[in-house]
file query.pdb (PDB, C-alpha atoms, pLDDT in the B column)
MODEL        1
ATOM      1  CA  MET A   1       0.000   0.000   0.000  1.00 48.00           C
ATOM      2  CA  CYS A   2       2.848   2.373   0.804  1.00 65.00           C
ATOM      3  CA  ALA A   3       4.422   1.866  -2.638  1.00 64.00           C
ATOM      4  CA  LEU A   4       1.116   2.621  -4.375  1.00 69.00           C
ATOM      5  CA  SER A   5       0.685   5.757  -2.299  1.00 68.00           C
ATOM      6  CA  ARG A   6       4.212   6.920  -3.198  1.00 63.00           C
ATOM      7  CA  LEU A   7       3.578   6.210  -6.877  1.00 65.00           C
ATOM      8  CA  ARG A   8       0.346   8.224  -6.861  1.00 69.00           C
ATOM      9  CA  ARG A   9       1.931  11.145  -4.984  1.00 67.00           C
ATOM     10  CA  ARG A  10       4.989  11.254  -7.199  1.00 67.00           C
ATOM     11  CA  SER A  11       2.972  10.954 -10.378  1.00 74.00           C
ATOM     12  CA  LEU A  12       1.354  14.287  -9.539  1.00 79.00           C
ATOM     13  CA  PHE A  13       4.734  16.019  -9.835  1.00 79.00           C
ATOM     14  CA  SER A  14       5.463  14.251 -13.126  1.00 82.00           C
ATOM     15  CA  LEU A  15       2.092  15.236 -14.557  1.00 87.00           C
ATOM     16  CA  LEU A  16       2.393  18.804 -13.277  1.00 88.00           C
ATOM     17  CA  ILE A  17       5.837  19.275 -14.790  1.00 87.00           C
ATOM     18  CA  ALA A  18       4.891  17.606 -18.087  1.00 90.00           C
ATOM     19  CA  GLY A  19       1.657  19.598 -18.386  1.00 93.00           C
ATOM     20  CA  ALA A  20       3.233  22.952 -17.616  1.00 94.00           C
ATOM     21  CA  ALA A  21       6.199  22.244 -19.902  1.00 94.00           C
ATOM     22  CA  THR A  22       3.779  21.268 -22.664  1.00 96.00           C
ATOM     23  CA  LEU A  23       1.875  24.534 -22.302  1.00 96.00           C
ATOM     24  CA  LEU A  24       5.148  26.484 -22.308  1.00 95.00           C
ATOM     25  CA  THR A  25       6.386  24.630 -25.392  1.00 96.00           C
ATOM     26  CA  LEU A  26       3.119  25.123 -27.257  1.00 96.00           C
ATOM     27  CA  ALA A  27       2.870  28.814 -26.354  1.00 96.00           C
ATOM     28  CA  ILE A  28       6.421  29.750 -27.327  1.00 95.00           C
ATOM     29  CA  GLY A  29       6.574  27.382 -30.309  1.00 95.00           C
ATOM     30  CA  THR A  30       3.278  28.648 -31.695  1.00 95.00           C
ATOM     31  CA  THR A  31       4.302  32.270 -31.274  1.00 95.00           C
ATOM     32  CA  LEU A  32       7.641  31.732 -33.005  1.00 95.00           C
ATOM     33  CA  GLY A  33       6.075  29.630 -35.762  1.00 94.00           C
ATOM     34  CA  LEU A  34       3.340  32.197 -36.418  1.00 94.00           C
ATOM     35  CA  ALA A  35       5.835  35.062 -36.569  1.00 94.00           C
ATOM     36  CA  ALA A  36       8.325  33.236 -38.782  1.00 94.00           C
ATOM     37  CA  GLY A  37       5.712  31.863 -41.170  1.00 92.00           C
ATOM     38  CA  PHE A  38       3.586  34.977 -41.543  1.00 92.00           C
ATOM     39  CA  PHE A  39       6.143  37.773 -41.689  1.00 91.00           C
ATOM     40  CA  GLY A  40       8.873  35.900 -43.577  1.00 85.00           C
ATOM     41  CA  GLY A  41      12.011  37.738 -44.676  1.00 90.00           C
ATOM     42  CA  ILE A  42      14.591  38.551 -42.035  1.00 94.00           C
ATOM     43  CA  ILE A  43      12.285  37.544 -39.163  1.00 92.00           C
ATOM     44  CA  ASP A  44      11.843  34.082 -40.660  1.00 91.00           C
ATOM     45  CA  THR A  45      15.557  33.743 -41.330  1.00 93.00           C
ATOM     46  CA  VAL A  46      16.624  34.714 -37.811  1.00 94.00           C
ATOM     47  CA  LEU A  47      13.971  32.622 -36.036  1.00 92.00           C
ATOM     48  CA  SER A  48      14.588  29.622 -38.300  1.00 91.00           C
ATOM     49  CA  ARG A  49      18.333  29.715 -37.619  1.00 93.00           C
ATOM     50  CA  ILE A  50      17.764  29.912 -33.854  1.00 92.00           C
ATOM     51  CA  LEU A  51      15.370  26.960 -34.073  1.00 91.00           C
ATOM     52  CA  ASP A  52      17.886  25.069 -36.239  1.00 91.00           C
ATOM     53  CA  ILE A  53      20.540  25.558 -33.568  1.00 91.00           C
ATOM     54  CA  LEU A  54      18.200  24.161 -30.906  1.00 89.00           C
ATOM     55  CA  TRP A  55      17.171  21.328 -33.231  1.00 89.00           C
ATOM     56  CA  ALA A  56      20.828  20.401 -33.890  1.00 91.00           C
ATOM     57  CA  PHE A  57      21.354  19.228 -30.303  1.00 89.00           C
ATOM     58  CA  PRO A  58      19.997  15.865 -29.226  1.00 90.00           C
ATOM     59  CA  VAL A  59      17.073  16.505 -26.867  1.00 88.00           C
ATOM     60  CA  TYR A  60      18.429  14.661 -23.851  1.00 86.00           C
ATOM     61  CA  LEU A  61      21.936  16.064 -24.272  1.00 88.00           C
ATOM     62  CA  LEU A  62      20.595  19.622 -24.370  1.00 88.00           C
ATOM     63  CA  ALA A  63      18.262  18.978 -21.415  1.00 87.00           C
ATOM     64  CA  ILE A  64      21.064  17.413 -19.364  1.00 86.00           C
ATOM     65  CA  SER A  65      23.437  20.265 -20.198  1.00 86.00           C
ATOM     66  CA  LEU A  66      20.891  22.914 -19.268  1.00 84.00           C
ATOM     67  CA  SER A  67      19.969  21.038 -16.092  1.00 82.00           C
ATOM     68  CA  ILE A  68      23.558  20.699 -14.922  1.00 82.00           C
ATOM     69  CA  VAL A  69      24.235  24.394 -15.463  1.00 82.00           C
ATOM     70  CA  LEU A  70      20.932  25.715 -14.096  1.00 80.00           C
ATOM     71  CA  ILE A  71      20.448  23.338 -11.135  1.00 76.00           C
ATOM     72  CA  ALA A  72      23.558  24.802  -9.537  1.00 75.00           C
ATOM     73  CA  GLN A  73      22.600  28.461  -9.874  1.00 79.00           C
ATOM     74  CA  GLY A  74      18.973  28.819 -10.955  1.00 76.00           C
ATOM     75  CA  ILE A  75      17.707  31.360 -13.485  1.00 79.00           C
ATOM     76  CA  LYS A  76      17.362  35.119 -13.216  1.00 79.00           C
ATOM     77  CA  ILE A  77      15.687  36.827 -16.184  1.00 79.00           C
ATOM     78  CA  GLY A  78      14.904  40.424 -15.300  1.00 81.00           C
ATOM     79  CA  PRO A  79      12.470  40.475 -12.379  1.00 84.00           C
ATOM     80  CA  ILE A  80      11.815  36.720 -12.665  1.00 79.00           C
ATOM     81  CA  THR A  81      13.968  34.490 -10.469  1.00 78.00           C
ATOM     82  CA  ILE A  82      13.733  30.700 -10.473  1.00 77.00           C
ATOM     83  CA  GLU A  83      15.606  29.106  -7.580  1.00 77.00           C
ATOM     84  CA  SER A  84      17.672  25.965  -8.143  1.00 72.00           C
ATOM     85  CA  GLY A  85      15.371  23.647  -6.138  1.00 72.00           C
ATOM     86  CA  SER A  86      12.125  24.912  -7.653  1.00 76.00           C
ATOM     87  CA  LEU A  87       9.780  22.773  -9.751  1.00 79.00           C
ATOM     88  CA  TRP A  88       9.694  25.629 -12.260  1.00 84.00           C
ATOM     89  CA  LEU A  89      13.284  24.890 -13.277  1.00 84.00           C
ATOM     90  CA  PRO A  90      12.593  21.476 -14.880  1.00 85.00           C
ATOM     91  CA  ILE A  91       9.428  22.932 -16.421  1.00 88.00           C
ATOM     92  CA  PHE A  92      11.481  25.715 -18.015  1.00 89.00           C
ATOM     93  CA  ILE A  93      14.247  23.384 -19.211  1.00 88.00           C
ATOM     94  CA  ILE A  94      11.926  20.775 -20.713  1.00 91.00           C
ATOM     95  CA  GLY A  95       9.706  23.454 -22.230  1.00 92.00           C
ATOM     96  CA  ILE A  96      12.638  25.131 -23.992  1.00 92.00           C
ATOM     97  CA  VAL A  97      14.123  21.901 -25.346  1.00 93.00           C
ATOM     98  CA  TYR A  98      11.053  20.924 -27.381  1.00 94.00           C
ATOM     99  CA  ILE A  99      10.197  24.338 -28.889  1.00 94.00           C
ATOM    100  CA  PRO A 100      11.602  23.548 -32.377  1.00 94.00           C
ATOM    101  CA  TYR A 101       9.461  20.419 -32.588  1.00 93.00           C
ATOM    102  CA  VAL A 102       6.345  22.610 -32.437  1.00 94.00           C
ATOM    103  CA  ALA A 103       7.562  25.812 -34.100  1.00 95.00           C
ATOM    104  CA  ARG A 104       8.784  24.240 -37.337  1.00 94.00           C
ATOM    105  CA  PRO A 105       5.511  22.499 -38.314  1.00 94.00           C
ATOM    106  CA  VAL A 106       3.488  25.558 -37.281  1.00 95.00           C
ATOM    107  CA  ARG A 107       5.760  27.743 -39.420  1.00 95.00           C
ATOM    108  CA  GLY A 108       5.213  25.477 -42.421  1.00 93.00           C
ATOM    109  CA  GLN A 109       1.459  25.472 -41.981  1.00 95.00           C
ATOM    110  CA  VAL A 110       1.358  29.261 -41.578  1.00 94.00           C
ATOM    111  CA  MET A 111       3.427  29.691 -44.746  1.00 93.00           C
ATOM    112  CA  ALA A 112       0.861  27.586 -46.625  1.00 93.00           C
ATOM    113  CA  LEU A 113      -2.072  29.458 -45.067  1.00 92.00           C
ATOM    114  CA  ARG A 114      -0.517  32.845 -45.876  1.00 90.00           C
ATOM    115  CA  GLU A 115      -1.004  32.115 -49.577  1.00 90.00           C
ATOM    116  CA  SER A 116      -4.655  31.087 -49.169  1.00 91.00           C
ATOM    117  CA  GLU A 117      -7.413  33.248 -50.578  1.00 92.00           C
ATOM    118  CA  PHE A 118      -9.013  34.317 -47.298  1.00 90.00           C
ATOM    119  CA  VAL A 119      -5.680  35.605 -45.932  1.00 90.00           C
ATOM    120  CA  LEU A 120      -4.799  37.374 -49.179  1.00 91.00           C
ATOM    121  CA  ALA A 121      -8.279  38.971 -49.148  1.00 92.00           C
ATOM    122  CA  ALA A 122      -7.761  40.162 -45.559  1.00 91.00           C
ATOM    123  CA  ILE A 123      -4.354  41.602 -46.457  1.00 90.00           C
ATOM    124  CA  GLY A 124      -5.912  43.294 -49.505  1.00 91.00           C
ATOM    125  CA  LEU A 125      -8.613  44.838 -47.307  1.00 91.00           C
ATOM    126  CA  GLY A 126      -5.941  46.305 -45.032  1.00 90.00           C
ATOM    127  CA  VAL A 127      -6.702  44.190 -41.974  1.00 91.00           C
ATOM    128  CA  PRO A 128      -3.891  44.551 -39.395  1.00 93.00           C
ATOM    129  CA  SER A 129      -1.388  41.679 -39.219  1.00 89.00           C
ATOM    130  CA  HIS A 130      -2.144  40.824 -35.595  1.00 91.00           C
ATOM    131  CA  ARG A 131      -5.845  40.444 -36.387  1.00 93.00           C
ATOM    132  CA  ILE A 132      -5.110  38.187 -39.362  1.00 91.00           C
ATOM    133  CA  LEU A 133      -2.822  36.066 -37.174  1.00 91.00           C
ATOM    134  CA  LEU A 134      -5.261  35.782 -34.275  1.00 91.00           C
ATOM    135  CA  HIS A 135      -8.580  35.495 -36.113  1.00 91.00           C
ATOM    136  CA  ASP A 136      -7.726  33.851 -39.415  1.00 90.00           C
ATOM    137  CA  ILE A 137      -4.520  31.845 -39.129  1.00 93.00           C
ATOM    138  CA  LEU A 138      -4.417  30.724 -35.478  1.00 93.00           C
ATOM    139  CA  PRO A 139      -7.800  28.912 -35.601  1.00 94.00           C
ATOM    140  CA  ASN A 140      -6.573  26.976 -38.640  1.00 93.00           C
ATOM    141  CA  VAL A 141      -3.326  26.062 -36.858  1.00 94.00           C
ATOM    142  CA  SER A 142      -5.116  25.045 -33.648  1.00 94.00           C
ATOM    143  CA  THR A 143      -5.903  21.572 -35.000  1.00 93.00           C
ATOM    144  CA  THR A 144      -2.176  20.932 -35.346  1.00 92.00           C
ATOM    145  CA  LEU A 145      -1.639  22.148 -31.794  1.00 94.00           C
ATOM    146  CA  ILE A 146      -4.365  19.835 -30.505  1.00 95.00           C
ATOM    147  CA  VAL A 147      -2.533  16.915 -32.117  1.00 93.00           C
ATOM    148  CA  PHE A 148       0.805  18.054 -30.673  1.00 91.00           C
ATOM    149  CA  MET A 149      -0.494  18.379 -27.105  1.00 95.00           C
ATOM    150  CA  PRO A 150      -0.634  14.668 -26.156  1.00 95.00           C
ATOM    151  CA  ILE A 151       2.589  13.961 -28.056  1.00 93.00           C
ATOM    152  CA  MET A 152       4.422  16.740 -26.210  1.00 94.00           C
ATOM    153  CA  MET A 153       2.890  15.642 -22.909  1.00 94.00           C
ATOM    154  CA  ALA A 154       4.249  12.109 -23.342  1.00 93.00           C
ATOM    155  CA  LEU A 155       7.676  13.319 -24.469  1.00 93.00           C
ATOM    156  CA  ASN A 156       7.862  15.782 -21.586  1.00 92.00           C
ATOM    157  CA  MET A 157       6.985  13.064 -19.069  1.00 90.00           C
ATOM    158  CA  LEU A 158       9.737  10.835 -20.449  1.00 89.00           C
ATOM    159  CA  THR A 159      12.268  13.660 -20.398  1.00 90.00           C
ATOM    160  CA  GLU A 160      11.315  14.650 -16.855  1.00 87.00           C
ATOM    161  CA  SER A 161      11.638  11.062 -15.665  1.00 84.00           C
ATOM    162  CA  ALA A 162      15.016  10.683 -17.346  1.00 85.00           C
ATOM    163  CA  LEU A 163      16.328  13.906 -15.798  1.00 84.00           C
ATOM    164  CA  SER A 164      14.995  12.947 -12.366  1.00 79.00           C
ATOM    165  CA  PHE A 165      16.538   9.483 -12.685  1.00 78.00           C
ATOM    166  CA  LEU A 166      19.901  11.150 -13.316  1.00 79.00           C
ATOM    167  CA  SER A 167      19.369  13.418 -10.244  1.00 74.00           C
ATOM    168  CA  ILE A 168      19.299  16.582 -12.332  1.00 75.00           C
ATOM    169  CA  GLY A 169      15.525  16.951 -12.665  1.00 69.00           C
ATOM    170  CA  VAL A 170      13.190  17.222  -9.705  1.00 68.00           C
ATOM    171  CA  GLN A 171      15.214  17.956  -6.579  1.00 64.00           C
ATOM    172  CA  PRO A 172      14.507  16.648  -3.038  1.00 64.00           C
ATOM    173  CA  PRO A 173      12.212  16.877  -1.089  1.00 66.00           C
ATOM    174  CA  ASP A 174       9.990  16.731  -4.204  1.00 67.00           C
ATOM    175  CA  ALA A 175       9.962  13.498  -6.163  1.00 69.00           C
ATOM    176  CA  SER A 176       8.741  12.046  -9.456  1.00 73.00           C
ATOM    177  CA  TRP A 177       8.631   8.791 -11.415  1.00 68.00           C
ATOM    178  CA  GLY A 178      12.325   9.058 -12.269  1.00 71.00           C
ATOM    179  CA  THR A 179      13.277   9.270  -8.609  1.00 70.00           C
ATOM    180  CA  ILE A 180      11.118   6.202  -7.857  1.00 71.00           C
ATOM    181  CA  ILE A 181      13.154   4.221 -10.377  1.00 71.00           C
ATOM    182  CA  GLN A 182      16.387   5.610  -8.955  1.00 69.00           C
ATOM    183  CA  ASP A 183      15.322   4.720  -5.393  1.00 67.00           C
ATOM    184  CA  GLY A 184      14.376   1.208  -6.541  1.00 71.00           C
ATOM    185  CA  GLN A 185      17.840   0.517  -7.918  1.00 72.00           C
ATOM    186  CA  THR A 186      19.378   0.612  -4.462  1.00 69.00           C
TER     187      THR A 186
ENDMDL
END
call {"tool": "encode", "arguments": {"input": "query.pdb", "output": "C-alpha cells"}}
result
Amino acid sequence: MCALSRLRRRSLFSLLIAGAATLLTLAIGTTLGLAAGFFGGIIDTVLSRILDILWAFPVYLLAISLSIVLIAQGIKIGPITIESGSLWLPIFIIGIVYIPYVARPVRGQVMALRESEFVLAAIGLGVPSHRILLHDILPNVSTTLIVFMPIMMALNMLTESALSFLSIGVQPPDASWGTIIQDGQT
C-alpha cells in the first residue's frame, strides 16, 4: 500500500511538470512559428536559424546540459527568479528543449495558409497583421496544436523522468517517477 501511495503522490509532480512544460512549449513554439511563417524575410531567417541551432542538439543532451548548469545556480531573467530547487526549473528546461518540434511544423502550416485566398483577401482589405494572425490563421493552426499536445505531454513526461533518474531533474524533497526508479535501484 505504501508503494502505491508513493507512486500516486509522485505521479502528480510528473504530470504537473509535463503539463506545464507542454503549455510552455506550445505557447512559445506557436508564437515563433506564427511570426516566422507569416512575416517571412529577415524575421523568418533569424527565427529559423535559432530553431535550427536548438534542433541540432539531441534533446536529452541539451536537457542534461541545461539542467547541470541551471540546477547549480537557478535562473534570473529580469524580475523573474527561479531558484535551483524549484519545480519551475525542470518545467522551463523541458519546455525550452522541445520548442523547435512545435515551431517548425506551425511555421510550415502558416506559410501555406498565408497564400490562401481568405488571408490574401484580408491583407488586400488592409486588416492589421495581428488580427489576421489571431482570427484567421491561429484557428486553422489550432488543430495541429491539438494533435501536438498529447505527443508533447508524453515526451515531456519521459524527459522529466530521465532527468529525475539522473538526479538533475526534480530535486529533493519533491519526487517524481524518475526518482522512484532511482530509489528502486538501491
call {"tool": "closest_residue", "arguments": {"input": "query.pdb", "among": "A:Ala72, A:Leu16, A:Leu32, A:Ile181", "to": "Asp44 of chain A", "atoms": "only C-alpha atoms"}}
result
A:Leu32
call {"tool": "closest_residue", "arguments": {"input": "query.pdb", "among": "A:Ala36, A:Ile75, A:Val106, A:Leu66", "to": "Ile168 of chain A", "atoms": "only C-alpha atoms"}}
result
A:Leu66
call {"tool": "atom_distance", "arguments": {"input": "query.pdb", "atom1": "atom CA of Met153 of chain A", "atom2": "atom CA of Ala21 of chain A"}}
result
8.0 Å
call {"tool": "residues_around", "arguments": {"input": "query.pdb", "residues": "Thr45 of chain A", "least_positions_apart": "3", "cutoff": "12 Å", "atoms": "only C-alpha atoms", "output": "list in words"}}
result
Leu32, Gly33, Ala35, Ala36, Gly37, Phe39, Gly40, Gly41, Ile42, Ser48, Arg49, Ile50, Leu51, Asp52 and Arg107 of chain A
call {"tool": "residues_near_point", "arguments": {"input": "query.pdb", "point": "(-4.3, 23.8, -40.0)", "cutoff": "10 Å", "atoms": "all atoms listed in the file", "output": "list of chain:residue names"}}
result
A:Val106, A:Gly108, A:Gln109, A:Val110, A:Ala112, A:Leu113, A:Ile137, A:Leu138, A:Pro139, A:Asn140, A:Val141, A:Ser142, A:Thr143, A:Thr144, A:Leu145
call {"tool": "closest_residue", "arguments": {"input": "query.pdb", "among": "A:Ala56, A:Ala63, A:Leu158, A:Leu134", "to": "Gly95 of chain A", "atoms": "all atoms listed in the file"}}
result
A:Ala63
call {"tool": "residues_around", "arguments": {"input": "query.pdb", "residues": "Asn156 of chain A", "least_positions_apart": "2", "cutoff": "9 Å", "atoms": "only C-alpha atoms", "output": "list in words"}}
result
Ser14, Ile17, Ala18, Gly19, Ala21, Thr22, Ile91, Ile94, Gly95, Tyr98, Ile151, Met152, Met153, Ala154, Leu158, Thr159, Glu160 and Ser161 of chain A
call {"tool": "atom_distance", "arguments": {"input": "query.pdb", "atom1": "atom CA of Gly29 of chain A", "atom2": "atom CA of Phe57 of chain A"}}
result
16.9 Å
call {"tool": "atom_distance", "arguments": {"input": "query.pdb", "atom1": "atom CA of Leu70 of chain A", "atom2": "atom CA of Trp55 of chain A"}}
result
20.0 Å
call {"tool": "closest_residue", "arguments": {"input": "query.pdb", "among": "A:Ala20, A:Phe148, A:Asp136, A:Arg131", "to": "Glu117 of chain A", "atoms": "all atoms listed in the file"}}
result
A:Asp136
call {"tool": "resolve_selection", "arguments": {"input": "query.pdb", "expression": "the PyMOL selection byres ((chain A and resi 89) around 9)", "output": "list in words"}}
result
Ser67, Leu70, Ile71, Gly74, Ile75, Ile82, Glu83, Ser84, Gly85, Ser86, Leu87, Trp88, Pro90, Ile91, Phe92, Ile93, Ile94, Gly169 and Val170 of chain A
call {"tool": "closest_residue", "arguments": {"input": "query.pdb", "among": "A:Val102, A:Ile132, A:Ile96, A:Leu15", "to": "Arg114 of chain A", "atoms": "all atoms listed in the file"}}
result
A:Ile132
call {"tool": "closest_residue", "arguments": {"input": "query.pdb", "among": "A:Leu163, A:His135, A:Lys76, A:Gly184", "to": "Leu62 of chain A", "atoms": "only C-alpha atoms"}}
result
A:Leu163
call {"tool": "decode", "arguments": {"input": "query.pdb", "residues": "segment 139-150 of chain A", "atoms": "all heavy atoms", "output": "PDB file, in the first residue's frame"}}
result
ATOM      1  N   PRO A 139      -6.787  29.975 -35.665  1.00  0.00           N
ATOM      2  CA  PRO A 139      -7.800  28.912 -35.601  1.00  0.00           C
ATOM      3  C   PRO A 139      -7.523  27.752 -36.562  1.00  0.00           C
ATOM      4  O   PRO A 139      -7.845  26.607 -36.268  1.00  0.00           O
ATOM      5  CB  PRO A 139      -9.100  29.626 -35.979  1.00  0.00           C
ATOM      6  CG  PRO A 139      -8.872  31.039 -35.610  1.00  0.00           C
ATOM      7  CD  PRO A 139      -7.418  31.295 -35.883  1.00  0.00           C
ATOM      8  N   ASN A 140      -6.901  28.037 -37.698  1.00  0.00           N
ATOM      9  CA  ASN A 140      -6.573  26.976 -38.640  1.00  0.00           C
ATOM     10  C   ASN A 140      -5.364  26.160 -38.191  1.00  0.00           C
ATOM     11  O   ASN A 140      -5.211  25.009 -38.584  1.00  0.00           O
ATOM     12  CB  ASN A 140      -6.318  27.562 -40.032  1.00  0.00           C
ATOM     13  CG  ASN A 140      -7.594  28.010 -40.687  1.00  0.00           C
ATOM     14  OD1 ASN A 140      -8.515  27.227 -40.867  1.00  0.00           O
ATOM     15  ND2 ASN A 140      -7.674  29.283 -41.018  1.00  0.00           N
ATOM     16  N   VAL A 141      -4.504  26.763 -37.374  1.00  0.00           N
ATOM     17  CA  VAL A 141      -3.326  26.062 -36.858  1.00  0.00           C
ATOM     18  C   VAL A 141      -3.675  25.299 -35.580  1.00  0.00           C
ATOM     19  O   VAL A 141      -2.960  24.374 -35.188  1.00  0.00           O
ATOM     20  CB  VAL A 141      -2.193  27.092 -36.609  1.00  0.00           C
ATOM     21  CG1 VAL A 141      -0.997  26.465 -35.940  1.00  0.00           C
ATOM     22  CG2 VAL A 141      -1.763  27.729 -37.917  1.00  0.00           C
ATOM     23  N   SER A 142      -4.770  25.645 -34.946  1.00  0.00           N
ATOM     24  CA  SER A 142      -5.116  25.045 -33.648  1.00  0.00           C
ATOM     25  C   SER A 142      -5.319  23.534 -33.734  1.00  0.00           C
ATOM     26  O   SER A 142      -5.067  22.822 -32.760  1.00  0.00           O
ATOM     27  CB  SER A 142      -6.351  25.719 -33.062  1.00  0.00           C
ATOM     28  OG  SER A 142      -7.475  25.479 -33.867  1.00  0.00           O
ATOM     29  N   THR A 143      -5.755  23.029 -34.876  1.00  0.00           N
ATOM     30  CA  THR A 143      -5.903  21.572 -35.000  1.00  0.00           C
ATOM     31  C   THR A 143      -4.548  20.879 -34.904  1.00  0.00           C
ATOM     32  O   THR A 143      -4.441  19.802 -34.308  1.00  0.00           O
ATOM     33  CB  THR A 143      -6.588  21.203 -36.318  1.00  0.00           C
ATOM     34  OG1 THR A 143      -5.855  21.769 -37.407  1.00  0.00           O
ATOM     35  CG2 THR A 143      -8.005  21.715 -36.350  1.00  0.00           C
ATOM     36  N   THR A 144      -3.528  21.480 -35.461  1.00  0.00           N
ATOM     37  CA  THR A 144      -2.176  20.932 -35.346  1.00  0.00           C
ATOM     38  C   THR A 144      -1.719  20.963 -33.896  1.00  0.00           C
ATOM     39  O   THR A 144      -1.096  20.013 -33.413  1.00  0.00           O
ATOM     40  CB  THR A 144      -1.201  21.746 -36.224  1.00  0.00           C
ATOM     41  OG1 THR A 144      -1.672  21.731 -37.569  1.00  0.00           O
ATOM     42  CG2 THR A 144       0.200  21.179 -36.159  1.00  0.00           C
ATOM     43  N   LEU A 145      -2.034  22.032 -33.195  1.00  0.00           N
ATOM     44  CA  LEU A 145      -1.639  22.148 -31.794  1.00  0.00           C
ATOM     45  C   LEU A 145      -2.362  21.130 -30.921  1.00  0.00           C
ATOM     46  O   LEU A 145      -1.789  20.602 -29.965  1.00  0.00           O
ATOM     47  CB  LEU A 145      -1.899  23.559 -31.287  1.00  0.00           C
ATOM     48  CG  LEU A 145      -1.124  24.668 -32.002  1.00  0.00           C
ATOM     49  CD1 LEU A 145      -1.543  26.024 -31.473  1.00  0.00           C
ATOM     50  CD2 LEU A 145       0.356  24.459 -31.871  1.00  0.00           C
ATOM     51  N   ILE A 146      -3.615  20.845 -31.253  1.00  0.00           N
ATOM     52  CA  ILE A 146      -4.365  19.835 -30.505  1.00  0.00           C
ATOM     53  C   ILE A 146      -3.726  18.461 -30.689  1.00  0.00           C
ATOM     54  O   ILE A 146      -3.669  17.661 -29.753  1.00  0.00           O
ATOM     55  CB  ILE A 146      -5.844  19.839 -30.933  1.00  0.00           C
ATOM     56  CG1 ILE A 146      -6.517  21.115 -30.442  1.00  0.00           C
ATOM     57  CG2 ILE A 146      -6.581  18.613 -30.415  1.00  0.00           C
ATOM     58  CD1 ILE A 146      -7.897  21.355 -31.006  1.00  0.00           C
ATOM     59  N   VAL A 147      -3.221  18.187 -31.874  1.00  0.00           N
ATOM     60  CA  VAL A 147      -2.533  16.915 -32.117  1.00  0.00           C
ATOM     61  C   VAL A 147      -1.199  16.874 -31.373  1.00  0.00           C
ATOM     62  O   VAL A 147      -0.805  15.840 -30.841  1.00  0.00           O
ATOM     63  CB  VAL A 147      -2.335  16.697 -33.633  1.00  0.00           C
ATOM     64  CG1 VAL A 147      -1.422  15.528 -33.906  1.00  0.00           C
ATOM     65  CG2 VAL A 147      -3.665  16.512 -34.321  1.00  0.00           C
ATOM     66  N   PHE A 148      -0.501  18.003 -31.334  1.00  0.00           N
ATOM     67  CA  PHE A 148       0.805  18.054 -30.673  1.00  0.00           C
ATOM     68  C   PHE A 148       0.709  17.937 -29.153  1.00  0.00           C
ATOM     69  O   PHE A 148       1.657  17.498 -28.514  1.00  0.00           O
ATOM     70  CB  PHE A 148       1.539  19.355 -31.017  1.00  0.00           C
ATOM     71  CG  PHE A 148       2.383  19.250 -32.239  1.00  0.00           C
ATOM     72  CD1 PHE A 148       2.167  20.098 -33.308  1.00  0.00           C
ATOM     73  CD2 PHE A 148       3.390  18.320 -32.320  1.00  0.00           C
ATOM     74  CE1 PHE A 148       2.932  20.010 -34.447  1.00  0.00           C
ATOM     75  CE2 PHE A 148       4.169  18.219 -33.448  1.00  0.00           C
ATOM     76  CZ  PHE A 148       3.946  19.058 -34.523  1.00  0.00           C
ATOM     77  N   MET A 149      -0.403  18.342 -28.567  1.00  0.00           N
ATOM     78  CA  MET A 149      -0.494  18.379 -27.105  1.00  0.00           C
ATOM     79  C   MET A 149      -0.240  17.017 -26.449  1.00  0.00           C
ATOM     80  O   MET A 149       0.610  16.927 -25.567  1.00  0.00           O
ATOM     81  CB  MET A 149      -1.828  18.964 -26.664  1.00  0.00           C
ATOM     82  CG  MET A 149      -1.883  19.214 -25.171  1.00  0.00           C
ATOM     83  SD  MET A 149      -3.338  20.117 -24.679  1.00  0.00           S
ATOM     84  CE  MET A 149      -2.963  21.744 -25.313  1.00  0.00           C
ATOM     85  N   PRO A 150      -0.930  15.941 -26.820  1.00  0.00           N
ATOM     86  CA  PRO A 150      -0.634  14.668 -26.156  1.00  0.00           C
ATOM     87  C   PRO A 150       0.763  14.132 -26.483  1.00  0.00           C
ATOM     88  O   PRO A 150       1.396  13.495 -25.644  1.00  0.00           O
ATOM     89  CB  PRO A 150      -1.718  13.719 -26.652  1.00  0.00           C
ATOM     90  CG  PRO A 150      -2.324  14.366 -27.816  1.00  0.00           C
ATOM     91  CD  PRO A 150      -2.070  15.821 -27.722  1.00  0.00           C
TER      92      PRO A 150
END
